[in-house]
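*Asks:* My questions will all concern the structure given below.
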Amino acid sequence: MAAAEGVPVVADRQHPPTPAVPADALVEVDDVTVLLGGRPVLRGVHAVVRAGEVVAVMGANGSGKTTLVRAVLRLLPVAAGTVRLLGSTGSRGTDWARIGYVPQRSTLNLRNATVAEVVTSGRLPHRRPLLPASRRDRQRVRESLERVGMAARRSDQMVHLSGGQQQRVLVARALAGDPELLVMDEPLAGVDAESQQAIADVLAGLVADGLTALVVLHETGPLRPLLTRALVLQDGRLVHDGPVPEVGLPGGHEHHELLGSQGDHRRVFRDPAAEEED
Ligand SMILES: Nc1ncnc2c1ncn2[C@@H]1O[C@H](COP(=O)(O)OP(=O)(O)OP(=O)(O)O)[C@@H](O)[C@H]1O
């Protein structure tokens, strides 16, 4: 695949160099391979996220973006390589209370839960077992809902909210845990422009306060000014680690396709080689 001018591309995929890991790395993915259904879905991926960075994970549908963030969060086992998260290589040593996760909204079924219940669940890593929510827990839930502009809907069931409002509630849930590292999987997908901007504004404030973020994105949208770097995956391999691509991706073609009943327009990046095989 050809590189865009001035854009660093992983040169030797068979023997990628092991980069020196900076001391302030919160996430280190070292030569990681993940198998799903016996098939390699991530192949020898190296990636680092340093404190204070906002890193986008980009690539075509099925390129491995969700798999990468799930491997980082130890929701999937790795077949080879190492994931170091907040300095720990094992689940037990990881301080999960320092991490916020906003999964893909479409994968969740929270229809009957109320907004307040969803956001309160974000305090669970801080709660002592069997004790009711503390004043601090309730305060953080309230503040998080205010921050995303959803305080007035706290008693409503999720099913009665729009997609964008649901997404804001999921962001509030992650914020309620006071994370130092926020991992978001497609926070803008199927989200109206107003909610996209609300999410971007909230993230901007958090980043200014020192938050680190790893965000899966199809389109950068209003998050673009916040992004410090992009990781681009293609068929499970890291093909770019550097500046956020201006238009499209290095060496890839792009086209638009309509997805879902809401007709949200997503930009899809394609590999020219794969297109030739079509
Ligand atoms: N449980 C599974 N078993 C087998 N294959 C899987 C499984 N989950 C995902 N895959 C495959 O792994 C590949 C990467 O999936 P992944 O969801 O990480 O891609 P993605 O880049 O996040 O895609 P999208 O943009 O569509 O969300 C895809 O080909 C997908 O079909």
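To be explicit about the labels: the chains of the structure tokens are called A, B, and onward in the order shown, and within each one the residues are counted from 1, while ligands get numbers from 1 in the order they are shown.
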Report as a compact mmCIF listing (two decimals) with N, CA and C atoms, in the first residue's frame which protein, DNA and RNA residues come within 9 Å of ligand 1, using only C-alpha atoms and all ligand atoms.
*Replies:*
# COMPACT_ATOMS: atom_id res chain seq x y z
N LEU A 35 -7.07 -14.02 17.68
CA LEU A 35 -7.80 -14.94 16.82
C LEU A 35 -9.27 -14.93 17.23
N LEU A 36 -10.15 -14.84 16.25
CA LEU A 36 -11.58 -14.99 16.52
C LEU A 36 -12.11 -16.05 15.56
N GLY A 37 -12.78 -17.04 16.10
CA GLY A 37 -13.24 -18.13 15.25
C GLY A 37 -12.09 -18.80 14.51
N GLY A 38 -10.91 -18.82 15.14
CA GLY A 38 -9.74 -19.46 14.54
C GLY A 38 -9.05 -18.62 13.49
N ARG A 39 -9.56 -17.42 13.24
CA ARG A 39 -9.01 -16.56 12.18
C ARG A 39 -8.27 -15.38 12.82
N PRO A 40 -7.09 -15.02 12.29
CA PRO A 40 -6.40 -13.86 12.85
C PRO A 40 -7.12 -12.57 12.47
N VAL A 41 -7.60 -11.87 13.48
CA VAL A 41 -8.36 -10.64 13.27
C VAL A 41 -7.48 -9.42 13.58
N LEU A 42 -6.51 -9.61 14.45
CA LEU A 42 -5.42 -8.63 14.64
C LEU A 42 -4.12 -9.39 14.41
N VAL A 57 -8.77 5.34 16.47
CA VAL A 57 -8.54 4.06 15.79
C VAL A 57 -9.46 4.05 14.59
N MET A 58 -8.87 4.00 13.39
CA MET A 58 -9.66 4.11 12.17
C MET A 58 -9.41 2.92 11.25
N GLY A 59 -10.23 2.81 10.23
CA GLY A 59 -10.08 1.72 9.27
C GLY A 59 -11.43 1.30 8.75
N ALA A 60 -11.42 0.49 7.73
CA ALA A 60 -12.67 0.04 7.09
C ALA A 60 -13.46 -0.87 8.03
N ASN A 61 -14.70 -1.12 7.67
CA ASN A 61 -15.51 -2.09 8.42
C ASN A 61 -14.78 -3.44 8.43
N GLY A 62 -14.72 -4.03 9.62
CA GLY A 62 -14.12 -5.35 9.73
C GLY A 62 -12.60 -5.35 9.79
N SER A 63 -11.98 -4.16 9.87
CA SER A 63 -10.51 -4.12 9.86
C SER A 63 -9.90 -4.48 11.22
N GLY A 64 -10.73 -4.50 12.28
CA GLY A 64 -10.22 -4.93 13.58
C GLY A 64 -10.23 -3.87 14.66
N LYS A 65 -10.91 -2.75 14.43
CA LYS A 65 -10.89 -1.64 15.38
C LYS A 65 -11.47 -2.03 16.73
N THR A 66 -12.69 -2.58 16.70
CA THR A 66 -13.33 -2.99 17.96
C THR A 66 -12.51 -4.08 18.64
N THR A 67 -11.98 -4.98 17.84
CA THR A 67 -11.16 -6.06 18.42
C THR A 67 -9.96 -5.47 19.15
N LEU A 68 -9.35 -4.44 18.57
CA LEU A 68 -8.19 -3.83 19.21
C LEU A 68 -8.57 -3.24 20.57
N VAL A 69 -9.65 -2.46 20.63
CA VAL A 69 -9.98 -1.86 21.92
C VAL A 69 -10.44 -2.92 22.93
N ARG A 70 -11.09 -3.96 22.43
CA ARG A 70 -11.51 -5.04 23.36
C ARG A 70 -10.31 -5.81 23.87
N GLN A 104 -19.83 0.14 21.86
CA GLN A 104 -20.74 0.48 20.75
C GLN A 104 -22.17 0.41 21.26
N ASP A 185 -15.99 3.38 21.68
CA ASP A 185 -16.09 2.64 20.42
C ASP A 185 -17.21 3.27 19.58
N GLU A 186 -16.82 3.99 18.57
CA GLU A 186 -17.75 4.66 17.66
C GLU A 186 -18.79 5.53 18.38
N VAL A 216 -12.50 4.76 18.80
CA VAL A 216 -12.76 4.16 17.48
C VAL A 216 -13.68 5.10 16.70
N LEU A 217 -13.27 5.43 15.48
CA LEU A 217 -14.05 6.37 14.68
C LEU A 217 -14.09 5.95 13.22
N HIS A 218 -15.24 6.15 12.60
CA HIS A 218 -15.32 6.05 11.14
C HIS A 218 -15.05 7.43 10.54
N LEU A 233 -6.07 0.72 10.90
CA LEU A 233 -5.98 -0.74 10.71
C LEU A 233 -6.50 -1.10 9.33
N GLN A 234 -5.87 -2.11 8.78
CA GLN A 234 -6.36 -2.67 7.52
C GLN A 234 -6.19 -4.18 7.61
N ASP A 235 -7.31 -4.88 7.53
CA ASP A 235 -7.29 -6.33 7.60
C ASP A 235 -6.47 -6.83 8.80
N GLY A 236 -6.67 -6.19 9.94
CA GLY A 236 -6.04 -6.64 11.17
C GLY A 236 -4.61 -6.18 11.38
N VAL A 268 -16.51 5.02 4.36
CA VAL A 268 -15.91 3.69 4.43
C VAL A 268 -14.65 3.69 3.61
*Asks:* Got a sec: who's within 6 Å of Val78 (chain A), counting only C-alpha atoms, leaving out chain neighbours fewer than 2 positions off, as a PyMOL selection string?
*Replies:* chain A and resi 33-34+80
*Asks:* Next, write the just-selected residues to a file, as a PDB file, in the first residue's frame, keeping C-alpha atoms as the atom set.
*Replies:*
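This is the output file out23.pdb:
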ATOM      1  CA  THR A  33      -2.323 -11.106  17.521  1.00  0.00           C
ATOM      2  CA  VAL A  34      -5.966 -11.955  18.261  1.00  0.00           C
ATOM      3  CA  ALA A  80       0.378 -13.686  20.939  1.00  0.00           C
TER       4      ALA A  80
END
*Asks:* Rank A:Gly164, A:Pro225, A:Gly81, A:Gly149 by their smallest atom-to-atom distance to Asp30 (chain A), using only C-alpha atoms, and report the top residue only.
*Replies:*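 Of A:Gly164, A:Pro225, A:Gly81, A:Gly149, the one nearest Asp30 (chain A) is A:Gly81, counting only C-alpha atoms.
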*Asks:* Quick one: everything within 7 Å of Leu226 (chain A), counting only C-alpha atoms, minus sequence neighbours fewer than 3 positions away in the same chain. Send it as a list in words.
*Replies:*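 Using only C-alpha atoms, the neighbours found are Val54, Ala204 and Leu223 of chain A.
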*Asks:* I need the residue nearest Gly122 (chain A) from this list: A:Leu170, A:Leu206, A:Val244, A:Val232. Use only C-alpha atoms for the distance.
*Replies:*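 Checking each of A:Leu170, A:Leu206, A:Val244, A:Val232 against Gly122 (chain A), counting only C-alpha atoms, the winner is A:Leu170.
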